[in-house]
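A.B. asks: The file below is target_36.pdb, PDB, C-alpha atoms:
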ATOM      1  CA  MET A   1     122.520 139.873  83.195
ATOM      2  CA  LEU A   2     124.450 137.676  85.596
ATOM      3  CA  LYS A   3     127.032 135.356  84.143
ATOM      4  CA  ARG A   4     127.961 131.998  85.586
ATOM      5  CA  LEU A   5     131.591 132.246  86.638
ATOM      6  CA  LYS A   6     132.450 128.808  87.913
ATOM      7  CA  ASN A   7     130.871 125.524  88.893
ATOM      8  CA  VAL A   8     132.680 124.444  92.046
ATOM      9  CA  GLY A   9     131.688 121.166  93.646
ATOM     10  CA  GLY A  10     128.175 121.281  92.216
ATOM     11  CA  PHE A  11     127.543 124.849  93.412
ATOM     12  CA  ALA A  12     127.334 127.566  90.816
ATOM     13  CA  LEU A  13     129.102 130.787  91.668
ATOM     14  CA  THR A  14     127.163 133.568  90.040
ATOM     15  CA  ALA A  15     128.526 137.116  89.949
ATOM     16  CA  GLY A  16     130.846 136.356  92.827
ATOM     17  CA  VAL A  17     128.035 135.180  95.119
ATOM     18  CA  GLY A  18     127.886 131.516  96.084
ATOM     19  CA  ILE A  19     124.430 129.976  95.982
ATOM     20  CA  ILE A  20     124.355 127.113  98.460
ATOM     21  CA  SER A  21     121.245 125.163  99.440
ATOM     22  CA  ALA A  22     121.715 123.683 102.880
ATOM     23  CA  ALA A  23     119.902 120.474 103.727
ATOM     24  CA  PRO A  24     117.301 120.913 106.475
ATOM     25  CA  ALA A  25     118.418 119.624 109.839
ATOM     26  CA  TYR A  26     115.270 117.694 110.818
ATOM     27  CA  ALA A  27     115.170 114.603 112.972
ATOM     28  CA  ALA A  28     114.377 111.319 111.235
ATOM     29  CA  LEU A  29     110.666 110.487 111.149
ATOM     30  CA  ASP A  30     109.859 107.022 112.518
ATOM     31  CA  LEU A  31     107.113 105.399 110.420
ATOM     32  CA  THR A  32     107.601 101.778 111.472
ATOM     33  CA  GLY A  33     104.119 101.329 112.993
ATOM     34  CA  VAL A  34     102.167 103.278 110.384
ATOM     35  CA  THR A  35      99.842 101.369 108.071
ATOM     36  CA  VAL A  36      97.661 102.843 105.359
ATOM     37  CA  ASP A  37      94.385 101.119 104.476
ATOM     38  CA  THR A  38      94.165 101.183 100.692
ATOM     39  CA  ALA A  39      91.151  98.864 100.342
ATOM     40  CA  PRO A  40      88.568 101.679  99.928
ATOM     41  CA  VAL A  41      90.731 103.346  97.286
ATOM     42  CA  PHE A  42      91.071 100.145  95.263
ATOM     43  CA  THR A  43      87.340  99.427  95.657
ATOM     44  CA  LEU A  44      86.425 102.852  94.316
ATOM     45  CA  ALA A  45      88.967 102.509  91.495
ATOM     46  CA  GLY A  46      87.418  99.165  90.544
ATOM     47  CA  ILE A  47      83.954 100.722  90.468
ATOM     48  CA  VAL A  48      85.163 103.565  88.254
ATOM     49  CA  VAL A  49      87.004 101.247  85.846
ATOM     50  CA  GLY A  50      83.961  98.949  85.717
ATOM     51  CA  ALA A  51      81.685 101.891  84.940
ATOM     52  CA  ILE A  52      83.978 103.079  82.155
ATOM     53  CA  ALA A  53      84.089  99.560  80.695
ATOM     54  CA  GLY A  54      80.301  99.330  80.899
ATOM     55  CA  ILE A  55      79.834 102.645  79.098
ATOM     56  CA  TRP A  56      82.308 101.545  76.416
ATOM     57  CA  ALA A  57      80.442  98.246  75.939
ATOM     58  CA  ILE A  58      77.053  99.976  75.697
ATOM     59  CA  LYS A  59      78.429 102.407  73.085
ATOM     60  CA  LYS A  60      79.797  99.484  71.046
ATOM     61  CA  VAL A  61      76.434  97.678  71.164
ATOM     62  CA  ILE A  62      74.580 100.822  70.089
ATOM     63  CA  LYS A  63      77.061 101.440  67.256
ATOM     64  CA  LEU A  64      76.714  97.810  66.121
ATOM     65  CA  ALA A  65      72.907  98.044  66.226
ATOM     66  CA  ASN A  66      72.957 101.211  64.130
ATOM     67  CA  LYS A  67      74.971  99.505  61.367
ATOM     68  CA  SER A  68      72.465  96.698  60.843
TER      69      SER A  68
END
Transcribe the structure of this file into structure tokens.

C.D. replies:
Amino acid sequence: MLKRLKNVGGFALTAGVGIISAAPAYAALDLTGVTVDTAPVFTLAGIVVGAIAGIWAIKKVIKLANKS
């Protein structure tokens, strides 16, 4: 089993081997002109939430009718 020897500057030295994760050297991605249309997503979410509320209401009415 490997033992942790030292924690130097946020990098753990394990069994004498330094484990260093280098940051990727990618160019910055320019997203200034990108727009995402979320209207269809919110429309579908509204339909789903409305359907769930409708099912809940119908179940409550049926349960109330069964008690009387």

A.B. asks: Extending 5 Å beyond the listed atoms of range 29-44 of chain A on each side, what axis-aligned box results? I want centre and edge lengths in Å to one decimal, as JSON.

C.D. replies:
{"center_x": 98.5, "center_y": 104.7, "center_z": 103.7, "size_x": 34.2, "size_y": 21.6, "size_z": 28.7}

A.B. asks: How many Å separate CA of Ile52 in chain A from CA of Pro40 in chain A?

C.D. replies: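 For CA of Ile52 in chain A relative to CA of Pro40 in chain A, the distance reads 18.4 Å.
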
A.B. asks: Using CA of Gly46 in chain A and CA of Val34 in chain A as the two end points, give the distance in Å to one decimal.

C.D. replies: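 Computing the Euclidean distance for CA of Gly46 in chain A and CA of Val34 in chain A yields 25.1 Å.
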